[in-house]
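What follows is a single structure, written as structure tokens, with notes after it.
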Amino acid sequence: MPELPEVEQVRISLLPHIVGKTIEKVRVDLPKMILHPDPDAFARRLQGARFTGVRRRGKYLGLELEGGDWLLVHLRMTGALLALPKDQQEPPYTRMAFFLSGRENLYFTDIRTFGVAALVGEDGWRDKGYESLGPEPLEPALTAEYLRARAKGKTTVVKGFILDQSVIAGLGNIYADEALFAAGIRPTRRVNRLTRKEWEALTLGVRAVIHQGLEHHGTTFRNYQDADGKMGDNSRYLQVYHRKGLPCRRCGTLLKQIKVAGRGSVYCPHCQK
């Protein structure tokens with residue numbers, strides 16, 4: 001699933017393709033992907049609308065429209081927003097098409113069809129997941145004290161805790177594993193057992209791995225691509241994720257994979273305590 005760095009790269013790459021363009025027509029091939037309103041109203045209300053910007057919050061994109069409405073998009077596991085010339089064949093797995101003024105169209109593709117979109121506006125509809133998002137990794141509000149306060153009274157494992165989007169917005173499996181390695185904390189540790197020093201290390205680790213992911217335009221293993229169809233190259237810099245059975249880059253110990261909070265988790269038995 002695209003995480004914060006990947007979705008941010010999609011946002012950046014979308015800007016030159018859609019800002020200032022008018023939606024001339026919308027085609028919805030998979031109605032279940034529309035959260036709000038119903039698919040016919042979705043297409044009808046978007047027709048004639050003009051894109052004015054693209055914002056991001058956590059793993060959500062907000063495609064801003066003239067007049068104040070905006071298009072909420074969550075790519076989920078395999079979704080992508082691709083801008084392509086009108087004389088080029090539609091991409092495979094197109095689930096939604098936005099026919100724009102100018103030379104390009106915008107396509108929402110999705111192999112596994114878990115991605116969603118919604119039109120947010122004056123009718124007051126809100127997405128509960130979006131509204132409950134916590135602070136992002138690089139925001140000043142994300143501090144060791146904040147994390148300690150959110151963990152108070154809990155006994156959950158630390159990986160599950162930091163994957164909770166109401167705790168940290170935008171962090172997913174890749175960057176959770178990487179942040180825990182950077183902090184020297186095993187993913188199975190209970191939050192009530194972490195010291196103040198470890199919370200500080202974890203906060204720094206989260207920030208560091210997100211910075212790295214942004215710098216390298218996200219991580220691509222299979223499906224992630226930005227609006228230009230380009231892949232991220234952050235996989236070359238990962239320390240533990242997707243490296244089960246390989247030597248730790250820091251100490252040489254073979255990395256282990258276990259399941260934590262329902263997710264495959266790779267860690268170093270020596271470097272992480």
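Simple scheme: letters A, B, ... for chains in structure tokens order, numbers from 1 for residues in each chain, numbers from 1 for ligands in the order shown.
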Contacts of Asp226 (chain A) at 9 Å (only C-alpha atoms; same-chain gap of 2+ positions) as a PyMOL selection string: chain A and resi 6-7+9-14+80-82+217+224+228-232
Residues of the last selection are to be written out with all heavy atoms, as a tab-separated table (two decimals), in the first residue's frame.
chain	number	residue	atom	x	y	z
A	6	GLU	N	5.05	7.85	-0.75
A	6	GLU	CA	4.56	7.52	-2.09
A	6	GLU	C	3.39	8.43	-2.49
A	6	GLU	O	3.33	8.92	-3.62
A	6	GLU	CB	4.11	6.05	-2.13
A	6	GLU	CG	5.24	5.05	-2.00
A	6	GLU	CD	5.76	4.91	-0.58
A	6	GLU	OE1	4.94	4.81	0.36
A	6	GLU	OE2	7.00	4.91	-0.41
A	7	VAL	N	2.47	8.64	-1.55
A	7	VAL	CA	1.31	9.48	-1.86
A	7	VAL	C	1.74	10.93	-2.07
A	7	VAL	O	1.19	11.65	-2.91
A	7	VAL	CB	0.24	9.36	-0.76
A	7	VAL	CG1	-0.97	10.23	-1.08
A	7	VAL	CG2	-0.20	7.91	-0.61
A	9	GLN	N	4.57	11.85	-3.38
A	9	GLN	CA	5.14	11.90	-4.73
A	9	GLN	C	4.04	11.94	-5.79
A	9	GLN	O	4.16	12.63	-6.80
A	9	GLN	CB	6.07	10.71	-4.96
A	9	GLN	CG	6.70	10.65	-6.35
A	9	GLN	CD	7.55	11.87	-6.68
A	9	GLN	OE1	8.11	12.51	-5.79
A	9	GLN	NE2	7.65	12.21	-7.95
A	10	VAL	N	2.96	11.19	-5.55
A	10	VAL	CA	1.81	11.26	-6.47
A	10	VAL	C	1.26	12.69	-6.49
A	10	VAL	O	0.97	13.24	-7.56
A	10	VAL	CB	0.72	10.26	-6.05
A	10	VAL	CG1	-0.54	10.45	-6.91
A	10	VAL	CG2	1.22	8.83	-6.20
A	11	ARG	N	1.13	13.29	-5.32
A	11	ARG	CA	0.62	14.67	-5.24
A	11	ARG	C	1.48	15.63	-6.06
A	11	ARG	O	0.96	16.40	-6.89
A	11	ARG	CB	0.59	15.13	-3.78
A	11	ARG	CG	-0.05	16.52	-3.59
A	11	ARG	CD	0.24	17.08	-2.21
A	11	ARG	NE	1.63	17.51	-2.08
A	11	ARG	CZ	2.10	18.67	-2.55
A	11	ARG	NH1	1.31	19.52	-3.19
A	11	ARG	NH2	3.37	18.99	-2.39
A	12	ILE	N	2.77	15.57	-5.85
A	12	ILE	CA	3.70	16.47	-6.55
A	12	ILE	C	3.62	16.25	-8.06
A	12	ILE	O	3.59	17.21	-8.84
A	12	ILE	CB	5.14	16.25	-6.04
A	12	ILE	CG1	5.26	16.72	-4.59
A	12	ILE	CG2	6.14	16.98	-6.92
A	12	ILE	CD1	6.54	16.30	-3.92
A	13	SER	N	3.60	14.99	-8.46
A	13	SER	CA	3.60	14.69	-9.89
A	13	SER	C	2.28	15.02	-10.57
A	13	SER	O	2.24	15.28	-11.78
A	13	SER	CB	3.97	13.21	-10.12
A	13	SER	OG	3.02	12.35	-9.53
A	14	LEU	N	1.19	15.03	-9.80
A	14	LEU	CA	-0.13	15.35	-10.38
A	14	LEU	C	-0.27	16.83	-10.73
A	14	LEU	O	-0.94	17.19	-11.71
A	14	LEU	CB	-1.24	15.00	-9.39
A	14	LEU	CG	-1.86	13.61	-9.44
A	14	LEU	CD1	-2.87	13.47	-8.32
A	14	LEU	CD2	-2.51	13.35	-10.79
A	80	ALA	N	-3.59	3.78	-8.44
A	80	ALA	CA	-2.68	4.77	-9.03
A	80	ALA	C	-3.50	5.81	-9.78
A	80	ALA	O	-4.57	5.49	-10.32
A	80	ALA	CB	-1.67	4.11	-9.98
A	81	LEU	N	-3.01	7.04	-9.79
A	81	LEU	CA	-3.59	8.10	-10.61
A	81	LEU	C	-2.58	8.42	-11.70
A	81	LEU	O	-1.48	8.88	-11.41
A	81	LEU	CB	-3.89	9.34	-9.77
A	81	LEU	CG	-5.06	9.23	-8.79
A	81	LEU	CD1	-5.10	10.45	-7.87
A	81	LEU	CD2	-6.38	9.09	-9.55
A	82	LEU	N	-2.95	8.18	-12.95
A	82	LEU	CA	-2.03	8.34	-14.07
A	82	LEU	C	-2.56	9.39	-15.04
A	82	LEU	O	-3.72	9.34	-15.45
A	82	LEU	CB	-1.85	7.02	-14.81
A	82	LEU	CG	-1.29	5.84	-14.00
A	82	LEU	CD1	-1.26	4.58	-14.84
A	82	LEU	CD2	0.10	6.16	-13.48
A	217	HIS	N	11.61	9.55	-3.47
A	217	HIS	CA	10.36	9.47	-4.24
A	217	HIS	C	9.55	8.21	-3.96
A	217	HIS	O	8.81	7.73	-4.82
A	217	HIS	CB	10.64	9.59	-5.73
A	217	HIS	CG	11.53	10.74	-6.09
A	217	HIS	ND1	11.16	12.05	-5.90
A	217	HIS	CD2	12.79	10.78	-6.60
A	217	HIS	CE1	12.14	12.85	-6.28
A	217	HIS	NE2	13.15	12.11	-6.70
A	224	TYR	N	3.38	0.41	-7.10
A	224	TYR	CA	3.36	1.85	-6.89
A	224	TYR	C	4.05	2.61	-8.03
A	224	TYR	O	5.15	2.27	-8.45
A	224	TYR	CB	4.03	2.22	-5.56
A	224	TYR	CG	4.48	3.66	-5.53
A	224	TYR	CD1	3.54	4.69	-5.51
A	224	TYR	CD2	5.82	3.99	-5.59
A	224	TYR	CE1	3.94	6.01	-5.53
A	224	TYR	CE2	6.24	5.31	-5.60
A	224	TYR	CZ	5.30	6.31	-5.57
A	224	TYR	OH	5.70	7.62	-5.61
A	228	ASP	N	3.21	10.23	-13.40
A	228	ASP	CA	3.96	10.11	-14.65
A	228	ASP	C	4.33	8.67	-14.96
A	228	ASP	O	5.05	8.40	-15.93
A	228	ASP	CB	5.24	10.95	-14.58
A	228	ASP	CG	4.95	12.43	-14.46
A	228	ASP	OD1	4.15	12.94	-15.27
A	228	ASP	OD2	5.49	13.09	-13.55
A	229	GLY	N	3.89	7.73	-14.11
A	229	GLY	CA	4.23	6.33	-14.31
A	229	GLY	C	5.61	5.97	-13.80
A	229	GLY	O	6.10	4.86	-14.06
A	230	LYS	N	6.26	6.87	-13.05
A	230	LYS	CA	7.61	6.61	-12.56
A	230	LYS	C	7.56	5.88	-11.21
A	230	LYS	O	6.64	6.07	-10.42
A	230	LYS	CB	8.37	7.93	-12.40
A	230	LYS	CG	8.62	8.65	-13.72
A	230	LYS	CD	9.35	9.96	-13.48
A	230	LYS	CE	9.59	10.69	-14.80
A	230	LYS	NZ	10.26	12.00	-14.58
A	231	MET	N	8.59	5.07	-10.98
A	231	MET	CA	8.70	4.29	-9.75
A	231	MET	C	9.59	5.02	-8.74
A	231	MET	O	10.48	5.77	-9.11
A	231	MET	CB	9.29	2.91	-10.04
A	231	MET	CG	8.64	2.18	-11.20
A	231	MET	SD	6.91	1.77	-10.87
A	231	MET	CE	6.50	0.87	-12.38
A	232	GLY	N	9.38	4.74	-7.45
A	232	GLY	CA	10.27	5.25	-6.42
A	232	GLY	C	11.48	4.34	-6.27
A	232	GLY	O	11.39	3.14	-6.54
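Here the residues within region 67-188 of chain A that DSSP labels alpha helix (DSSP H) on the basis of the backbone are A:Lys128, A:Gly129, A:Tyr130, A:Glu131, A:Ala144, A:Glu145, A:Tyr146, A:Leu147, A:Arg148, A:Ala149, A:Arg150, A:Ala151, A:Val158, A:Lys159, A:Gly160, A:Phe161, A:Ile162, A:Leu163, A:Asn173, A:Ile174, A:Tyr175, A:Ala176, A:Asp177, A:Glu178, A:Ala179, A:Leu180, A:Phe181, A:Ala182, A:Ala183.
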Could you save those same residues with C-alpha atoms as a PDB file, in the first residue's frame?
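To be explicit, this is the file written out as again02.pdb:
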ATOM      1  CA  LYS A 128     -14.448   9.006   9.285  1.00  0.00           C
ATOM      2  CA  GLY A 129     -10.962   7.684   8.558  1.00  0.00           C
ATOM      3  CA  TYR A 130      -9.810  11.025   7.191  1.00  0.00           C
ATOM      4  CA  GLU A 131     -11.355  12.984  10.044  1.00  0.00           C
ATOM      5  CA  ALA A 144       7.937  11.603  22.147  1.00  0.00           C
ATOM      6  CA  GLU A 145       5.664  13.104  24.803  1.00  0.00           C
ATOM      7  CA  TYR A 146       2.682  12.931  22.462  1.00  0.00           C
ATOM      8  CA  LEU A 147       3.340   9.246  21.729  1.00  0.00           C
ATOM      9  CA  ARG A 148       3.827   8.433  25.415  1.00  0.00           C
ATOM     10  CA  ALA A 149       0.541  10.152  26.245  1.00  0.00           C
ATOM     11  CA  ARG A 150      -1.338   8.268  23.500  1.00  0.00           C
ATOM     12  CA  ALA A 151       0.156   4.980  24.725  1.00  0.00           C
ATOM     13  CA  VAL A 158       4.520  -1.016  19.515  1.00  0.00           C
ATOM     14  CA  LYS A 159       4.243  -1.819  15.813  1.00  0.00           C
ATOM     15  CA  GLY A 160       0.458  -2.017  15.974  1.00  0.00           C
ATOM     16  CA  PHE A 161       0.428   1.222  17.939  1.00  0.00           C
ATOM     17  CA  ILE A 162       2.422   3.236  15.376  1.00  0.00           C
ATOM     18  CA  LEU A 163       0.427   1.756  12.484  1.00  0.00           C
ATOM     19  CA  ASN A 173       4.188  -1.371   7.154  1.00  0.00           C
ATOM     20  CA  ILE A 174       7.352  -0.396   5.281  1.00  0.00           C
ATOM     21  CA  TYR A 175       8.217   2.691   7.273  1.00  0.00           C
ATOM     22  CA  ALA A 176       7.053   1.192  10.589  1.00  0.00           C
ATOM     23  CA  ASP A 177       9.597  -1.626  10.241  1.00  0.00           C
ATOM     24  CA  GLU A 178      12.273   0.850   9.203  1.00  0.00           C
ATOM     25  CA  ALA A 179      11.507   3.261  12.054  1.00  0.00           C
ATOM     26  CA  LEU A 180      11.615   0.489  14.654  1.00  0.00           C
ATOM     27  CA  PHE A 181      14.978  -0.648  13.324  1.00  0.00           C
ATOM     28  CA  ALA A 182      16.307   2.907  13.408  1.00  0.00           C
ATOM     29  CA  ALA A 183      15.150   3.168  17.037  1.00  0.00           C
TER      30      ALA A 183
END
Counting only C-alpha atoms, the option among A:Gly205, A:Gly53, A:Gly245, A:Gly48 closest to Leu71 (chain A): A:Gly53
Please list as a compact mmCIF listing (two decimals) with N, CA and C atoms, in the first residue's frame every residue within 10 Å of Gln165 (chain A), counting only C-alpha atoms and excluding residues in the same chain fewer than 6 positions away.
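Generated file (part-v3.txt):
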# COMPACT_ATOMS: atom_id res chain seq x y z
N GLY A 58 -1.88 12.38 5.47
CA GLY A 58 -1.62 10.97 5.66
C GLY A 58 -1.48 10.28 4.32
N LYS A 59 -2.27 9.24 4.11
CA LYS A 59 -2.26 8.50 2.84
C LYS A 59 -3.38 8.95 1.89
N GLY A 129 -12.39 7.96 8.50
CA GLY A 129 -10.96 7.68 8.56
C GLY A 129 -10.14 8.94 8.38
N TYR A 130 -10.53 9.77 7.45
CA TYR A 130 -9.81 11.03 7.19
C TYR A 130 -9.92 11.97 8.38
N SER A 132 -10.30 11.30 11.47
CA SER A 132 -9.67 10.82 12.71
C SER A 132 -8.15 10.75 12.64
N LEU A 133 -7.55 11.22 11.56
CA LEU A 133 -6.10 11.11 11.40
C LEU A 133 -5.35 11.87 12.48
N GLY A 134 -4.27 11.26 12.95
CA GLY A 134 -3.39 11.90 13.91
C GLY A 134 -2.39 12.80 13.21
N PRO A 135 -1.41 13.32 13.95
CA PRO A 135 -0.38 14.17 13.34
C PRO A 135 0.50 13.37 12.39
N GLU A 136 1.07 14.05 11.41
CA GLU A 136 1.98 13.40 10.47
C GLU A 136 3.39 13.33 11.07
N LEU A 171 1.88 6.57 8.24
CA LEU A 171 2.87 5.51 8.47
C LEU A 171 2.23 4.16 8.17
N GLY A 172 2.94 3.33 7.39
CA GLY A 172 2.46 2.00 7.06
C GLY A 172 3.52 0.95 7.34
Shell of 12 Å around Asp38 (chain A), only C-alpha atoms, local chain residues under 6 positions omitted, as a list in words: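 In the requested format, the answer is Val28, Leu30, Pro31, Lys32, Arg44, Arg45, Ala117, Ala118 and Leu119 of chain A.
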Those same residues - N, CA, C and O atoms - I'd like them written as a PDB file, in the first residue's frame.
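Final output, saved to out_17.pdb:
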ATOM      1  N   VAL A  28     -17.201   6.152 -14.727  1.00  0.00           N
ATOM      2  CA  VAL A  28     -16.979   5.272 -13.590  1.00  0.00           C
ATOM      3  C   VAL A  28     -17.216   3.840 -14.034  1.00  0.00           C
ATOM      4  O   VAL A  28     -18.347   3.452 -14.333  1.00  0.00           O
ATOM      5  N   LEU A  30     -16.204   1.134 -12.132  1.00  0.00           N
ATOM      6  CA  LEU A  30     -16.396   0.281 -10.967  1.00  0.00           C
ATOM      7  C   LEU A  30     -17.076   1.111  -9.873  1.00  0.00           C
ATOM      8  O   LEU A  30     -16.417   1.737  -9.035  1.00  0.00           O
ATOM      9  N   PRO A  31     -18.416   1.110  -9.852  1.00  0.00           N
ATOM     10  CA  PRO A  31     -19.163   1.980  -8.937  1.00  0.00           C
ATOM     11  C   PRO A  31     -18.829   1.787  -7.462  1.00  0.00           C
ATOM     12  O   PRO A  31     -18.949   2.726  -6.672  1.00  0.00           O
ATOM     13  N   LYS A  32     -18.391   0.586  -7.057  1.00  0.00           N
ATOM     14  CA  LYS A  32     -18.131   0.343  -5.631  1.00  0.00           C
ATOM     15  C   LYS A  32     -16.980   1.199  -5.100  1.00  0.00           C
ATOM     16  O   LYS A  32     -16.831   1.347  -3.891  1.00  0.00           O
ATOM     17  N   ARG A  44     -21.899  13.465 -12.461  1.00  0.00           N
ATOM     18  CA  ARG A  44     -22.639  14.661 -12.867  1.00  0.00           C
ATOM     19  C   ARG A  44     -22.097  15.914 -12.181  1.00  0.00           C
ATOM     20  O   ARG A  44     -21.901  16.960 -12.820  1.00  0.00           O
ATOM     21  N   ARG A  45     -21.833  15.823 -10.880  1.00  0.00           N
ATOM     22  CA  ARG A  45     -21.355  16.990 -10.141  1.00  0.00           C
ATOM     23  C   ARG A  45     -19.929  17.384 -10.516  1.00  0.00           C
ATOM     24  O   ARG A  45     -19.552  18.552 -10.415  1.00  0.00           O
ATOM     25  N   ALA A 117     -12.806   6.740  -3.867  1.00  0.00           N
ATOM     26  CA  ALA A 117     -12.877   8.170  -4.132  1.00  0.00           C
ATOM     27  C   ALA A 117     -14.212   8.688  -3.633  1.00  0.00           C
ATOM     28  O   ALA A 117     -15.202   7.945  -3.558  1.00  0.00           O
ATOM     29  N   ALA A 118     -14.241   9.966  -3.261  1.00  0.00           N
ATOM     30  CA  ALA A 118     -15.476  10.591  -2.799  1.00  0.00           C
ATOM     31  C   ALA A 118     -15.437  12.073  -3.131  1.00  0.00           C
ATOM     32  O   ALA A 118     -14.366  12.694  -3.133  1.00  0.00           O
ATOM     33  N   LEU A 119     -16.578  12.647  -3.411  1.00  0.00           N
ATOM     34  CA  LEU A 119     -16.690  14.079  -3.634  1.00  0.00           C
ATOM     35  C   LEU A 119     -17.147  14.724  -2.332  1.00  0.00           C
ATOM     36  O   LEU A 119     -18.230  14.425  -1.816  1.00  0.00           O
TER      37      LEU A 119
END
Straight-line distance linking CA of Arg57 (chain A) with CA of Gly20 (chain A), stated in Å to one decimal: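 Separation between CA of Arg57 (chain A) and CA of Gly20 (chain A): 21.6 Å.
The nearest approach to Asp164 (chain A) among the residues A:Ala261, A:Gly115, A:Tyr93, A:Arg207, with only C-alpha atoms taken into account, belongs to A:Ala261.
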Residue contacts of Gly213 (chain A) (6 Å, only C-alpha atoms) excluding same-chain residues fewer than 3 positions away, as a list of chain:residue names: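 Once the nearby chain positions are removed, what remains is A:Pro5, A:Ile210, A:His216, A:Gly218, A:Asn234.
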Preceding selection exported with N, CA and C atoms as a PDB file, in the first residue's frame:
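For reference, part-v6.pdb as written:
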ATOM      1  N   PRO A   5       5.258   8.828   1.905  1.00  0.00           N
ATOM      2  CA  PRO A   5       6.180   9.296   0.854  1.00  0.00           C
ATOM      3  C   PRO A   5       5.684   9.016  -0.565  1.00  0.00           C
ATOM      4  N   ILE A 210      10.844   8.644   7.105  1.00  0.00           N
ATOM      5  CA  ILE A 210       9.926   9.369   6.217  1.00  0.00           C
ATOM      6  C   ILE A 210      10.708  10.383   5.380  1.00  0.00           C
ATOM      7  N   HIS A 216      13.750   9.948  -1.821  1.00  0.00           N
ATOM      8  CA  HIS A 216      13.929   8.980  -2.905  1.00  0.00           C
ATOM      9  C   HIS A 216      12.610   8.659  -3.617  1.00  0.00           C
ATOM     10  N   GLY A 218       9.682   7.680  -2.735  1.00  0.00           N
ATOM     11  CA  GLY A 218       8.868   6.538  -2.349  1.00  0.00           C
ATOM     12  C   GLY A 218       9.536   5.204  -2.646  1.00  0.00           C
ATOM     13  N   ASN A 234      13.381   4.134  -3.273  1.00  0.00           N
ATOM     14  CA  ASN A 234      13.778   4.039  -1.871  1.00  0.00           C
ATOM     15  C   ASN A 234      14.075   2.615  -1.425  1.00  0.00           C
TER      16      ASN A 234
END
Sel. of strand (DSSP E or B) residues, region 46-269 of chain A, as a PyMOL selection string: chain A and resi 50-57+60-65+70-74+79-85+94-100+104-110+116-120+157+190+219+233+247+254+256-260+263-267
Atom-to-atom span, CA of Arg76 (chain A) and CA of Arg112 (chain A), Å: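 Between these atoms lies a distance of 9.2 Å.
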Coordinates-based distance that separates CA of Arg56 (chain A) from CA of Glu8 (chain A) (Å, one decimal):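 These atoms are spaced 6.7 Å apart.
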Proximity to Thr188 (chain A) - best of A:Lys21, A:Arg55, A:Lys259, A:His242, only C-alpha atoms: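 Closest to Thr188 (chain A) of all the choices is A:Lys259.
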Residue contacts of region 191-194 of chain A (6 Å, only C-alpha atoms) excluding same-chain residues fewer than 2 positions away, as a VMD selection string: chain A and resid 155 157 to 158 198
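Remark: for Leu72 (chain A), the closest of the candidate residues A:Val120, A:Leu255, A:Ile23, A:Leu142 is A:Val120 (distances computed over only C-alpha atoms).
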Who sits within 12 Å of region 49-51 of chain A, only C-alpha atoms, same chain under 5 positions skipped, as a PyMOL selection string: chain A and resi 14-26+42-44+62-71+98-102+106+119
Among the residues A:His211, A:Lys273, A:Arg103, A:His74, the one that comes closest to Pro137 (chain A) [using only C-alpha atoms]: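 Closest candidate: A:His211.
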